Structures are given as structure tokens and as C-alpha cells.
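**Q** Contents of coords-v1.pdb (PDB, C-alpha atoms):
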ATOM      1  CA  MET A 831       3.522   7.776  38.587
ATOM      2  CA  SER A 832       6.464   7.367  36.279
ATOM      3  CA  GLU A 833       6.250   9.100  32.922
ATOM      4  CA  ARG A 834       7.459   5.813  31.443
ATOM      5  CA  ALA A 835       4.240   3.946  32.327
ATOM      6  CA  GLY A 836       2.740   2.107  29.361
ATOM      7  CA  ARG A 837       5.792   2.696  27.184
ATOM      8  CA  ARG A 838       7.957   0.367  25.134
ATOM      9  CA  ILE A 839      11.603   0.678  26.103
ATOM     10  CA  VAL A 840      14.424  -1.026  24.219
ATOM     11  CA  VAL A 841      17.615  -1.761  26.122
ATOM     12  CA  ASP A 842      20.874  -2.548  24.344
ATOM     13  CA  HIS A 843      22.597  -5.204  26.417
ATOM     14  CA  HIS A 844      26.221  -6.196  25.832
ATOM     15  CA  SER A 845      26.208  -9.909  26.604
ATOM     16  CA  ASN A 846      29.374 -11.312  28.104
ATOM     17  CA  CYS A 847      28.368 -14.908  27.463
ATOM     18  CA  LEU A 848      27.626 -14.324  23.767
ATOM     19  CA  ARG A 849      31.006 -12.776  22.989
ATOM     20  CA  ASP A 850      32.902 -15.000  20.548
ATOM     21  CA  ASN A 851      29.877 -17.273  20.089
ATOM     22  CA  PRO A 852      30.546 -20.048  17.545
ATOM     23  CA  LEU A 853      28.284 -18.621  14.825
ATOM     24  CA  GLY A 854      29.709 -15.124  15.021
ATOM     25  CA  ASP A 855      26.294 -13.686  15.851
ATOM     26  CA  PRO A 856      26.120 -10.228  17.489
ATOM     27  CA  TYR A 857      26.722 -10.169  21.233
ATOM     28  CA  THR A 858      24.957  -6.829  21.692
ATOM     29  CA  ARG A 859      21.310  -7.812  22.042
ATOM     30  CA  ARG A 860      18.167  -5.746  22.360
ATOM     31  CA  ILE A 861      15.772  -6.362  25.227
ATOM     32  CA  GLU A 862      12.223  -5.153  24.643
ATOM     33  CA  VAL A 863      10.511  -4.031  27.846
ATOM     34  CA  LEU A 864       6.810  -3.110  27.867
ATOM     35  CA  LEU A 865       5.850  -1.221  30.994
ATOM     36  CA  PRO A 866       2.404  -1.932  32.437
ATOM     37  CA  PRO A 867      -0.351   0.597  33.093
ATOM     38  CA  GLY A 868       0.281   2.101  36.496
ATOM     39  CA  TYR A 869       4.028   1.495  36.406
ATOM     40  CA  ARG A 870       5.859   3.550  39.013
ATOM     41  CA  ASP A 871       9.559   3.872  39.682
ATOM     42  CA  ASP A 872       8.921   4.070  43.420
ATOM     43  CA  ALA A 873       7.002   0.751  43.528
ATOM     44  CA  ARG A 874       7.871  -2.833  42.693
ATOM     45  CA  HIS A 875       6.262  -4.762  39.841
ATOM     46  CA  PRO A 876       6.151  -8.417  38.737
ATOM     47  CA  VAL A 877       7.687  -9.451  35.417
ATOM     48  CA  VAL A 878       6.666 -11.818  32.622
ATOM     49  CA  TYR A 879       9.476 -12.898  30.285
ATOM     50  CA  TRP A 880       8.064 -13.876  26.900
ATOM     51  CA  LEU A 881      10.129 -16.011  24.512
ATOM     52  CA  PRO A 882       9.287 -15.819  20.769
ATOM     53  CA  GLY A 883       8.940 -18.990  18.735
ATOM     54  CA  PHE A 884      11.391 -20.141  16.084
ATOM     55  CA  GLY A 885      12.002 -17.562  13.372
ATOM     56  CA  ALA A 886       9.868 -14.901  15.056
ATOM     57  CA  ALA A 887      11.146 -11.378  15.586
ATOM     58  CA  PRO A 888      12.019 -10.699  19.241
ATOM     59  CA  THR A 889       9.124  -8.321  19.855
ATOM     60  CA  LEU A 890       5.488  -8.300  20.936
ATOM     61  CA  THR A 891       4.687  -5.016  19.212
ATOM     62  CA  ASN A 892       4.456  -6.228  15.602
ATOM     63  CA  ARG A 893       1.125  -7.214  14.116
ATOM     64  CA  ALA A 894       1.294 -10.690  12.592
ATOM     65  CA  LEU A 895      -1.928 -10.168  10.584
ATOM     66  CA  ALA A 896      -3.984  -7.324   9.156
ATOM     67  CA  PHE A 897      -6.670  -8.253  11.667
ATOM     68  CA  GLY A 898      -6.665  -7.443  15.354
ATOM     69  CA  ASP A 899      -4.049  -5.757  17.476
ATOM     70  CA  SER A 900      -0.454  -6.743  18.206
ATOM     71  CA  VAL A 901       0.177  -9.092  21.107
ATOM     72  CA  ALA A 902       1.500  -6.133  23.089
ATOM     73  CA  GLY A 903      -1.647  -4.161  22.320
ATOM     74  CA  ARG A 904      -3.908  -7.007  23.363
ATOM     75  CA  LEU A 905      -2.073  -7.672  26.586
ATOM     76  CA  GLY A 906      -1.794  -3.988  27.459
ATOM     77  CA  ALA A 907      -5.540  -3.546  27.004
ATOM     78  CA  ALA A 908      -6.225  -6.668  29.078
ATOM     79  CA  MET A 909      -4.021  -5.278  31.852
ATOM     80  CA  ALA A 910      -5.881  -1.958  31.756
ATOM     81  CA  ARG A 911      -9.194  -3.825  32.098
ATOM     82  CA  GLY A 912      -7.847  -5.851  35.000
ATOM     83  CA  GLU A 913      -8.241  -9.165  33.160
ATOM     84  CA  ILE A 914      -4.553 -10.080  33.515
ATOM     85  CA  PRO A 915      -2.007  -8.863  36.066
ATOM     86  CA  ALA A 916      -0.199  -5.592  35.481
ATOM     87  CA  ALA A 917       3.390  -6.677  34.927
ATOM     88  CA  LEU A 918       6.412  -5.765  32.876
ATOM     89  CA  LEU A 919       6.541  -7.786  29.652
ATOM     90  CA  VAL A 920      10.123  -8.535  28.642
ATOM     91  CA  VAL A 921      11.161 -10.025  25.291
ATOM     92  CA  PRO A 922      14.819 -11.091  24.965
ATOM     93  CA  ASP A 923      16.607 -11.529  21.647
ATOM     94  CA  CYS A 924      17.949 -15.074  21.417
ATOM     95  CA  THR A 925      17.930 -15.415  17.631
ATOM     96  CA  THR A 926      20.845 -16.904  15.718
ATOM     97  CA  ALA A 927      22.060 -17.143  12.144
ATOM     98  CA  TYR A 928      19.862 -20.249  11.899
ATOM     99  CA  GLY A 929      16.775 -18.476  13.199
ATOM    100  CA  GLY A 930      16.636 -19.692  16.784
ATOM    101  CA  SER A 931      18.660 -20.925  19.720
ATOM    102  CA  GLN A 932      16.070 -23.056  21.580
ATOM    103  CA  TYR A 933      17.155 -20.921  24.561
ATOM    104  CA  ILE A 934      19.793 -23.475  25.566
ATOM    105  CA  ASP A 935      23.535 -23.361  26.086
ATOM    106  CA  SER A 936      24.739 -24.959  22.861
ATOM    107  CA  PRO A 937      28.380 -25.714  21.979
ATOM    108  CA  ALA A 938      27.569 -25.024  18.330
ATOM    109  CA  CYS A 939      25.298 -21.966  18.647
ATOM    110  CA  GLY A 940      26.092 -20.105  21.847
ATOM    111  CA  ARG A 941      25.128 -19.820  25.508
ATOM    112  CA  TYR A 942      21.575 -18.561  25.261
ATOM    113  CA  LEU A 943      20.264 -20.019  28.514
ATOM    114  CA  THR A 944      23.040 -18.159  30.306
ATOM    115  CA  HIS A 945      22.120 -15.086  28.269
ATOM    116  CA  LEU A 946      18.582 -15.304  29.685
ATOM    117  CA  THR A 947      20.002 -15.097  33.187
ATOM    118  CA  GLU A 948      21.901 -11.966  32.107
ATOM    119  CA  VAL A 949      18.656 -10.471  30.805
ATOM    120  CA  VAL A 950      16.907 -11.056  34.135
ATOM    121  CA  ALA A 951      19.739  -9.352  36.009
ATOM    122  CA  GLU A 952      19.731  -6.415  33.565
ATOM    123  CA  VAL A 953      15.975  -5.908  33.857
ATOM    124  CA  ASP A 954      16.112  -6.056  37.653
ATOM    125  CA  ARG A 955      18.931  -3.501  37.605
ATOM    126  CA  ARG A 956      17.216  -1.013  35.310
ATOM    127  CA  PHE A 957      13.562  -1.265  36.306
ATOM    128  CA  ALA A 958      11.427  -1.317  39.462
ATOM    129  CA  THR A 959      10.841  -5.061  39.606
ATOM    130  CA  ARG A 960       9.954  -7.525  42.315
ATOM    131  CA  ALA A 961      13.224  -9.398  42.058
ATOM    132  CA  GLU A 962      12.144 -12.749  43.506
ATOM    133  CA  PRO A 963      11.262 -15.944  41.606
ATOM    134  CA  ALA A 964       7.720 -15.881  43.022
ATOM    135  CA  TRP A 965       7.089 -12.686  41.053
ATOM    136  CA  ARG A 966       8.754 -13.774  37.814
ATOM    137  CA  ALA A 967       7.027 -15.805  35.118
ATOM    138  CA  ILE A 968       8.379 -17.076  31.827
ATOM    139  CA  GLY A 969       6.335 -18.181  28.844
ATOM    140  CA  GLY A 970       6.132 -18.559  25.111
ATOM    141  CA  LYS A 971       4.768 -20.583  22.227
ATOM    142  CA  SER A 972       6.438 -23.439  20.324
ATOM    143  CA  SER A 973      10.215 -22.967  20.693
ATOM    144  CA  GLY A 974       9.404 -20.194  23.144
ATOM    145  CA  GLY A 975       7.335 -22.563  25.261
ATOM    146  CA  TYR A 976      10.176 -25.053  25.088
ATOM    147  CA  GLY A 977      12.618 -22.383  26.222
ATOM    148  CA  ALA A 978      10.356 -21.525  29.144
ATOM    149  CA  LEU A 979      10.447 -25.152  30.292
ATOM    150  CA  ILE A 980      14.228 -25.304  29.881
ATOM    151  CA  ALA A 981      14.673 -22.126  31.928
ATOM    152  CA  ALA A 982      12.496 -23.559  34.691
ATOM    153  CA  MET A 983      14.426 -26.834  34.707
ATOM    154  CA  HIS A 984      17.903 -25.312  34.761
ATOM    155  CA  THR A 985      17.567 -22.077  36.746
ATOM    156  CA  GLY A 986      15.823 -21.093  39.931
ATOM    157  CA  LEU A 987      14.829 -17.696  38.552
ATOM    158  CA  PHE A 988      11.164 -18.270  37.762
ATOM    159  CA  GLY A 989       8.152 -19.206  39.836
ATOM    160  CA  ALA A 990       5.725 -19.790  36.972
ATOM    161  CA  VAL A 991       5.836 -21.228  33.447
ATOM    162  CA  LEU A 992       3.313 -20.654  30.659
ATOM    163  CA  ALA A 993       4.145 -23.130  27.887
ATOM    164  CA  HIS A 994       1.950 -22.949  24.776
ATOM    165  CA  THR A 995       2.546 -25.945  22.479
ATOM    166  CA  PRO A 996       6.212 -26.385  23.464
ATOM    167  CA  ASP A 997       8.532 -28.620  21.449
ATOM    168  CA  ALA A 998       8.227 -31.987  23.189
ATOM    169  CA  GLY A 999       7.958 -35.644  22.260
ATOM    170  CA  PHE A1000      10.492 -35.131  19.515
ATOM    171  CA  GLU A1001       9.408 -38.211  17.577
ATOM    172  CA  HIS A1002       6.049 -36.471  17.137
ATOM    173  CA  CYS A1003       7.105 -32.882  16.495
ATOM    174  CA  TYR A1004      10.293 -33.363  14.455
ATOM    175  CA  LEU A1005      10.435 -36.737  12.731
ATOM    176  CA  PRO A1006       7.213 -36.299  10.698
ATOM    177  CA  MET A1007       8.728 -33.165   9.154
ATOM    178  CA  LEU A1008      11.891 -34.875   7.929
ATOM    179  CA  PRO A1009      10.798 -36.201   4.500
ATOM    180  CA  GLY A1010       9.395 -32.817   3.464
ATOM    181  CA  VAL A1011      12.522 -31.088   4.735
ATOM    182  CA  LEU A1012      14.736 -33.399   2.682
ATOM    183  CA  ASP A1013      12.629 -32.622  -0.401
ATOM    184  CA  THR A1014      12.977 -28.877   0.205
ATOM    185  CA  ILE A1015      16.755 -29.093   0.619
ATOM    186  CA  GLU A1016      17.091 -31.268  -2.472
ATOM    187  CA  ALA A1017      14.946 -28.896  -4.553
ATOM    188  CA  ALA A1018      17.240 -26.029  -3.550
ATOM    189  CA  GLY A1019      20.254 -27.940  -4.877
ATOM    190  CA  GLY A1020      21.636 -28.999  -1.508
ATOM    191  CA  THR A1021      22.099 -27.642   1.991
ATOM    192  CA  GLU A1022      24.536 -24.885   1.041
ATOM    193  CA  GLN A1023      22.243 -23.541  -1.662
ATOM    194  CA  PHE A1024      19.254 -23.836   0.640
ATOM    195  CA  LEU A1025      20.965 -21.870   3.410
ATOM    196  CA  ALA A1026      21.751 -19.107   0.909
ATOM    197  CA  ARG A1027      18.002 -18.443   0.808
ATOM    198  CA  ARG A1028      18.229 -16.961   4.314
ATOM    199  CA  ASP A1029      19.086 -13.656   2.650
ATOM    200  CA  SER A1030      17.332 -13.964  -0.691
ATOM    201  CA  GLY A1031      14.148 -15.918   0.076
ATOM    202  CA  PRO A1032      11.493 -16.974  -0.619
ATOM    203  CA  HIS A1033      10.773 -17.539   3.065
ATOM    204  CA  ASP A1034       7.658 -19.646   2.604
ATOM    205  CA  VAL A1035       6.321 -22.356   4.899
ATOM    206  CA  ALA A1036       8.506 -25.056   3.344
ATOM    207  CA  PHE A1037      11.589 -22.910   3.870
ATOM    208  CA  MET A1038      10.735 -22.164   7.506
ATOM    209  CA  VAL A1039      10.081 -25.825   8.344
ATOM    210  CA  ALA A1040      13.349 -26.946   6.743
ATOM    211  CA  MET A1041      15.228 -24.082   8.391
ATOM    212  CA  SER A1042      13.789 -25.044  11.760
ATOM    213  CA  LEU A1043      15.113 -28.609  11.582
ATOM    214  CA  LEU A1044      18.545 -27.443  10.469
ATOM    215  CA  ALA A1045      18.485 -25.031  13.402
ATOM    216  CA  MET A1046      17.487 -27.783  15.832
ATOM    217  CA  GLY A1047      20.400 -29.869  14.618
ATOM    218  CA  MET A1048      22.788 -27.013  15.281
ATOM    219  CA  CYS A1049      21.311 -26.306  18.728
ATOM    220  CA  TYR A1050      21.607 -29.948  19.786
ATOM    221  CA  ALA A1051      25.079 -30.498  18.288
ATOM    222  CA  LEU A1052      27.949 -31.501  20.562
ATOM    223  CA  GLU A1053      30.652 -29.356  18.993
ATOM    224  CA  PRO A1054      31.011 -26.212  16.881
ATOM    225  CA  GLY A1055      32.049 -26.032  13.266
ATOM    226  CA  VAL A1056      30.218 -29.156  12.050
ATOM    227  CA  PRO A1057      28.244 -28.489   8.824
ATOM    228  CA  ALA A1058      24.516 -28.136   9.486
ATOM    229  CA  GLU A1059      23.495 -31.087   7.315
ATOM    230  CA  GLN A1060      25.632 -33.449   9.417
ATOM    231  CA  ASN A1061      23.509 -32.604  12.456
ATOM    232  CA  LEU A1062      20.273 -33.769  10.815
ATOM    233  CA  PRO A1063      18.864 -37.123  11.997
ATOM    234  CA  CYS A1064      19.332 -38.530   8.498
ATOM    235  CA  ASP A1065      21.571 -38.010   5.506
ATOM    236  CA  PRO A1066      19.907 -35.419   3.226
ATOM    237  CA  ARG A1067      21.287 -37.143   0.123
ATOM    238  CA  THR A1068      20.517 -40.811   0.804
ATOM    239  CA  GLY A1069      17.873 -40.640   3.515
ATOM    240  CA  LEU A1070      19.832 -43.036   5.703
ATOM    241  CA  PHE A1071      18.906 -42.535   9.349
ATOM    242  CA  ARG A1072      21.595 -41.553  11.865
ATOM    243  CA  PRO A1073      20.669 -43.112  15.230
ATOM    244  CA  GLN A1074      23.563 -41.465  17.087
ATOM    245  CA  VAL A1075      22.549 -37.994  15.898
ATOM    246  CA  TRP A1076      18.928 -38.648  16.793
ATOM    247  CA  GLU A1077      19.966 -39.732  20.282
ATOM    248  CA  ARG A1078      21.685 -36.358  20.697
ATOM    249  CA  TRP A1079      18.407 -34.642  19.870
ATOM    250  CA  LEU A1080      16.458 -36.801  22.303
ATOM    251  CA  ARG A1081      18.700 -35.729  25.191
ATOM    252  CA  HIS A1082      16.973 -32.339  24.944
ATOM    253  CA  ASP A1083      13.396 -33.639  24.797
ATOM    254  CA  PRO A1084      11.372 -32.435  27.840
ATOM    255  CA  VAL A1085       9.473 -35.730  27.841
ATOM    256  CA  ARG A1086      12.770 -37.482  28.523
ATOM    257  CA  THR A1087      14.479 -34.854  30.701
ATOM    258  CA  ALA A1088      11.634 -33.919  33.061
ATOM    259  CA  ALA A1089      12.473 -36.776  35.425
ATOM    260  CA  ALA A1090      15.886 -35.259  36.127
ATOM    261  CA  HIS A1091      14.315 -31.928  37.113
ATOM    262  CA  THR A1092      11.376 -32.920  39.291
ATOM    263  CA  LYS A1093      12.515 -30.731  42.201
ATOM    264  CA  ARG A1094      12.538 -27.465  40.270
ATOM    265  CA  LEU A1095       9.458 -28.275  38.208
ATOM    266  CA  GLY A1096       7.610 -29.381  41.317
ATOM    267  CA  ALA A1097       8.501 -26.146  43.113
ATOM    268  CA  LEU A1098       6.791 -23.958  40.497
ATOM    269  CA  ARG A1099       3.711 -22.135  41.709
ATOM    270  CA  LEU A1100       2.224 -22.533  38.248
ATOM    271  CA  LEU A1101       3.149 -24.844  35.382
ATOM    272  CA  HIS A1102       0.614 -24.126  32.664
ATOM    273  CA  LEU A1103       0.792 -26.410  29.633
ATOM    274  CA  GLU A1104      -1.571 -26.195  26.690
ATOM    275  CA  THR A1105      -1.879 -27.036  23.011
ATOM    276  CA  GLY A1106      -4.287 -26.858  20.095
ATOM    277  CA  ARG A1107      -5.699 -30.207  19.045
ATOM    278  CA  ARG A1108      -5.592 -29.083  15.391
ATOM    279  CA  ASP A1109      -1.891 -28.192  15.380
ATOM    280  CA  GLU A1110      -0.659 -28.060  11.791
ATOM    281  CA  TYR A1111       2.590 -29.791  12.728
ATOM    282  CA  HIS A1112       0.927 -32.402  14.965
ATOM    283  CA  MET A1113       2.811 -31.029  17.945
ATOM    284  CA  HIS A1114      -0.166 -31.671  20.209
ATOM    285  CA  TRP A1115       0.868 -35.324  20.396
ATOM    286  CA  GLY A1116       4.206 -34.407  21.915
ATOM    287  CA  VAL A1117       2.540 -32.020  24.373
ATOM    288  CA  ARG A1118       0.118 -34.773  25.371
ATOM    289  CA  ALA A1119       3.096 -37.034  25.974
ATOM    290  CA  LEU A1120       4.675 -34.363  28.168
ATOM    291  CA  HIS A1121       1.433 -33.990  30.109
ATOM    292  CA  ALA A1122       1.322 -37.763  30.697
ATOM    293  CA  THR A1123       4.974 -37.745  31.777
ATOM    294  CA  LEU A1124       4.385 -34.959  34.290
ATOM    295  CA  GLN A1125       1.423 -36.890  35.674
ATOM    296  CA  GLU A1126       3.524 -40.037  36.071
ATOM    297  CA  LEU A1127       6.216 -38.028  37.859
ATOM    298  CA  GLY A1128       3.671 -36.445  40.193
ATOM    299  CA  ILE A1129       4.552 -32.905  39.073
ATOM    300  CA  ALA A1130       1.627 -30.560  39.650
ATOM    301  CA  HIS A1131       0.604 -28.732  36.495
ATOM    302  CA  GLU A1132      -2.366 -27.471  34.533
ATOM    303  CA  TYR A1133      -3.096 -28.935  31.123
ATOM    304  CA  GLN A1134      -5.542 -27.621  28.543
ATOM    305  CA  GLU A1135      -6.362 -28.439  24.946
ATOM    306  CA  HIS A1136      -8.203 -25.965  22.746
ATOM    307  CA  ASP A1137      -9.698 -26.082  19.261
ATOM    308  CA  GLY A1138      -6.955 -24.013  17.639
ATOM    309  CA  GLY A1139      -3.875 -24.927  15.687
ATOM    310  CA  HIS A1140      -0.282 -23.767  15.856
ATOM    311  CA  HIS A1141      -0.831 -20.283  14.431
ATOM    312  CA  GLY A1142      -3.278 -17.520  15.246
ATOM    313  CA  ILE A1143      -3.652 -18.477  18.901
ATOM    314  CA  GLU A1144      -2.340 -15.285  20.485
ATOM    315  CA  HIS A1145      -5.683 -14.839  22.249
ATOM    316  CA  ARG A1146      -4.749 -17.867  24.353
ATOM    317  CA  PHE A1147      -1.969 -15.872  26.003
ATOM    318  CA  THR A1148      -4.498 -13.806  27.935
ATOM    319  CA  THR A1149      -6.066 -17.016  29.241
ATOM    320  CA  SER A1150      -2.819 -18.280  30.741
ATOM    321  CA  LEU A1151      -1.845 -14.835  32.039
ATOM    322  CA  ALA A1152      -5.214 -14.541  33.777
ATOM    323  CA  ARG A1153      -4.418 -17.774  35.600
ATOM    324  CA  LEU A1154      -1.034 -16.339  36.514
ATOM    325  CA  GLY A1155      -2.789 -13.337  38.028
ATOM    326  CA  ARG A1156      -4.729 -15.570  40.406
ATOM    327  CA  VAL A1157      -1.517 -17.316  41.433
ATOM    328  CA  TRP A1158       0.195 -13.981  42.098
ATOM    329  CA  GLN A1159      -2.771 -12.891  44.183
ATOM    330  CA  THR A1160      -2.260 -15.980  46.335
ATOM    331  CA  VAL A1161       1.398 -15.063  46.704
ATOM    332  CA  ALA A1162       0.429 -11.542  47.770
ATOM    333  CA  ASP A1163      -1.989 -12.927  50.364
ATOM    334  CA  THR A1164       0.738 -15.134  51.834
ATOM    335  CA  PRO A1165       2.642 -13.690  54.807
ATOM    336  CA  GLY A1166       5.897 -12.300  53.453
ATOM    337  CA  GLY A1167       4.555 -12.245  49.904
ATOM    338  CA  ARG A1168       7.006 -14.871  48.611
TER     339      ARG A1168
END
Since I need it in another form, could you write the structure as C-alpha cells?
**A**
Amino acid sequence: MSERAGRRIVVDHHSNCLRDNPLGDPYTRRIEVLLPPGYRDDARHPVVYWLPGFGAAPTLTNRALAFGDSVAGRLGAAMARGEIPAALLVVPDCTTAYGGSQYIDSPACGRYLTHLTEVVAEVDRRFATRAEPAWRAIGGKSSGGYGALIAAMHTGLFGAVLAHTPDAGFEHCYLPMLPGVLDTIEAAGGTEQFLARRDSGPHDVAFMVAMSLLAMGMCYALEPGVPAEQNLPCDPRTGLFRPQVWERWLRHDPVRTAAAHTKRLGALRLLHLETGRRDEYHMHWGVRALHATLQELGIAHEYQEHDGGHHGIEHRFTTSLARLGRVWQTVADTPGGR
């Protein structure tokens, strides 16, 4: 057995596609790799890529609360008990100066979907992985769940998706936030003064919600160098709605884009979609809309609703990973194992 088994390894990756990115963000990015119990260099192991939500640190090893273990600790213990499959857990760093990239190739933020493909190649090069889509899964919560769906739609790298409350049905998950966001920006003295709080704080809930919508506007922008406030769906001074800007946002809504990607979504061995019916940001309505859209398109998927909200649902990750384990067992029992 490798002496590295069960360890956290951090890889510094020099990303070619993030060099000269429009925001001037670092192109050297850390990749967190958590090796499973029983990891061996002379064997091959499946991989789960986990994408953090907006504003979250790119790690599974931090404890979000004083209670319970870190996500990495929980999942490692579940692997040791055989409740979820023993697999490498990989966390890429796709953060930006605005907090998040939505894991897409954005003219205004950088090529973060392409960066994900670099991460997969780097992990396969450095570690003893099963380097086939059937043995790769990608998942996450909120923006991370959204990124998992985007990666499945636009690459052929993954055979399974675990999307926990992904951004979807943008009129449900974004528009209801707008009035409060405008109030927060106005109270700060304007967008420029608000953005200065990225360094100074306070980074309370109101700040994070407003920051998230400014970040979405940047991610969905058509060109670099446009001030962040001009990419909001309405003018932050007058409140006047900007239909053309909003249409740009909608082009990235999974509810609206799924139809163009039925082949790749339909080829997934597992598309697990779930949400909490008490989501604090009412994002469950958008996830329900995505579920209905997938049904209409005839795309096989699993859909679950639970009694939780948007936060404090890390225990749900073991539920979806347990389902992934059963799917991987089916793959293993198939001649050729693919």
C-alpha cells in the first residue's frame, strides 16, 4: 500500500488557459487531492471531483461549524466504513476576484471550464486513477452543482453528476434577490464602494448575496472590461430593468440549455439532482423546474427533495455518493468495466 493513503495532497498547477485572464487572477492554482483509505500506487482508483459553491474556499478539509467534522472527515470515515465508494476526492480552485467563476469559460472572467479539463489531466498524470469517464464523477452544491452540470453538458470527461441545489431556473434563484442586492449596494455608497468591502468586510449574508449577483453578471458577460454594475439585470441607481442583460444571463440557465445537450446528459450513468424544500434563497423552485425539464426531454435522472435548506446539508453528500457507489459496482460487473 502506498504511504500516501488517506493523506491530503496539494498540487500547484500552472494553468495555461488562465494565463492573462481578464481579471488578472493568479494562473497558478492549487488542486486539493484527498486519497482514499486503501489507496495504492500500483492499483487504479475512481475519482470524484467536488466543486465548492460561490464564495467557498476550495477545500473539503475546513470545518464550517463548531459542530461535527469537516466534509473531508465525514467522507473519509464513510469510505472507511464502506458506506460510500473509496475514491480520490479532488477539489479544484476556480475562484475569481468576484468570488466565483460558475465553472464556465467566460470572456470577462476567464476560461474555468477549460481549466477543469486541465485539472482532470493533471490528476490522471500524477495519481493512480481509472482514467475513463465511467470512473469519474463530478458534483457540488449551489454554484458547484451548477458547475457539475455545465461540465457534463460541455465535456465528455464525466460519467456521473451529483448536483445538490444547483443554480437553475434563474428567474427563481436570482431575480428575487435583486431588490435586496440593490439596497445593499446603495447602502455602501455605490458599486465601487461596495466592491471595496471585499478586502475590508464585513462579509455578512447581505454582502455575500450582493457579491454573488455581481459575480454572476461578470461570469455571464459577453466581453471583458465592462464595469460590474453594467452586467446586472437592472440599473442599481434607478432600478430600471435591462432585458438584454437578463437575456444574456438566461443563455446560461440549465433549464433553458438542457435541450441542446440531451446526448451527453442522456449518456450519464448517474444524474443525481436534489434540493432542500426549505432553501433560504428559494432555489428549490428552480431545481424543480430543471427536474420537470429533464422529464420532458426524456433524460434519465434521479430527483430528491429533503427537509433541509441551503446551508448545513453536508450530510446529504454521503447519500448521493452512496448511490454513486452502486452505479460504479454495476460498471465493475459489466464486461470490460466501462
**Q** Where does the PyMOL selection byres ((chain A and resi 1055-1071) around 8) land in this file, that is, which residues does it pick, as a PyMOL selection string?
**A** chain A and resi 852+938+1012+1015-1016+1021+1043-1045+1047-1048+1051+1053-1054+1072-1073+1075-1076
**Q** Can I get the selection written as a PDB file, in the coordinates of the input, with C-alpha atoms?
**A**
ATOM      1  CA  PRO A 852      30.546 -20.048  17.545  1.00  0.00           C
ATOM      2  CA  ALA A 938      27.569 -25.024  18.330  1.00  0.00           C
ATOM      3  CA  LEU A1012      14.736 -33.399   2.682  1.00  0.00           C
ATOM      4  CA  ILE A1015      16.755 -29.093   0.619  1.00  0.00           C
ATOM      5  CA  GLU A1016      17.091 -31.268  -2.472  1.00  0.00           C
ATOM      6  CA  THR A1021      22.099 -27.642   1.991  1.00  0.00           C
ATOM      7  CA  LEU A1043      15.113 -28.609  11.582  1.00  0.00           C
ATOM      8  CA  LEU A1044      18.545 -27.443  10.469  1.00  0.00           C
ATOM      9  CA  ALA A1045      18.485 -25.031  13.402  1.00  0.00           C
ATOM     10  CA  GLY A1047      20.400 -29.869  14.618  1.00  0.00           C
ATOM     11  CA  MET A1048      22.788 -27.013  15.281  1.00  0.00           C
ATOM     12  CA  ALA A1051      25.079 -30.498  18.288  1.00  0.00           C
ATOM     13  CA  GLU A1053      30.652 -29.356  18.993  1.00  0.00           C
ATOM     14  CA  PRO A1054      31.011 -26.212  16.881  1.00  0.00           C
ATOM     15  CA  ARG A1072      21.595 -41.553  11.865  1.00  0.00           C
ATOM     16  CA  PRO A1073      20.669 -43.112  15.230  1.00  0.00           C
ATOM     17  CA  VAL A1075      22.549 -37.994  15.898  1.00  0.00           C
ATOM     18  CA  TRP A1076      18.928 -38.648  16.793  1.00  0.00           C
TER      19      TRP A1076
END
**Q** Evaluated on this file, the PyMOL selection byres ((chain A and resi 972) around 7) picks out some residues - which ones are they, written as a VMD selection string?
**A** chain A and resid 883 970 to 971 973 to 976 994 to 997
**Q** Produce a file of the selected residues containing C-alpha atoms, as an mmCIF file, keeping the file's coordinate frame.
**A**
data_model
loop_
_atom_site.group_PDB
_atom_site.id
_atom_site.type_symbol
_atom_site.label_atom_id
_atom_site.label_comp_id
_atom_site.auth_asym_id
_atom_site.auth_seq_id
_atom_site.Cartn_x
_atom_site.Cartn_y
_atom_site.Cartn_z
ATOM 1 C CA GLY A 883 8.940 -18.990 18.735
ATOM 2 C CA GLY A 970 6.132 -18.559 25.111
ATOM 3 C CA LYS A 971 4.768 -20.583 22.227
ATOM 4 C CA SER A 973 10.215 -22.967 20.693
ATOM 5 C CA GLY A 974 9.404 -20.194 23.144
ATOM 6 C CA GLY A 975 7.335 -22.563 25.261
ATOM 7 C CA TYR A 976 10.176 -25.053 25.088
ATOM 8 C CA HIS A 994 1.950 -22.949 24.776
ATOM 9 C CA THR A 995 2.546 -25.945 22.479
ATOM 10 C CA PRO A 996 6.212 -26.385 23.464
ATOM 11 C CA ASP A 997 8.532 -28.620 21.449
#
**Q** Can you list, as a list in words, every protein, DNA or RNA residue that comes within 9 Å of Arg1094 in chain A when you count all atoms listed in the file, leaving out same-chain residues fewer than 2 positions away?
**A**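 Those residues are Ala982, Met983, His984, Thr985, Gly986, His1091, Thr1092, Gly1096, Ala1097 and Leu1098 of chain A.
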**Q** Skipping near chain neighbours, those fewer than 6 positions away, what residues fall within 7 Å of Ala916 in chain A using only C-alpha atoms, listed as a PyMOL selection string?
**A** chain A and resi 866-867+909
**Q** Which residue gives the smallest distance to Arg859 in chain A among A:Pro1084, A:Asp923, A:Asp871, A:Arg837, with only C-alpha atoms counted?
**A**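 Using only C-alpha atoms, the shortest distance to Arg859 in chain A belongs to A:Asp923.
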**Q** Report as a count of residues only the full result of the PyMOL selection byres ((chain A and resi 1111) around 12) when it is applied to this structure.
**A** 31
**Q** Which is closest to Asn892 in chain A among A:Arg1086, A:Glu862, A:Asp1137, A:Cys847, if we use all atoms listed in the file?
**A** A:Glu862
**Q** Please define a box with edges along x, y and z of the file around all atoms of range 1075-1079 of chain A given in the file, extend it by 4 Å on each side, and return its centre and edge lengths in Å to one decimal, as lines of an AutoDock Vina configuration file.
**A**
center_x = 20.5
center_y = -37.2
center_z = 18.3
size_x = 12.1
size_y = 13.1
size_z = 12.8
**Q** Just to confirm, what's the straight-line distance from CA of Val920 in chain A to CA of Trp880 in chain A in Å (one decimal)?
**A**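 Pair CA of Val920 in chain A / CA of Trp880 in chain A returns 6.0 Å.
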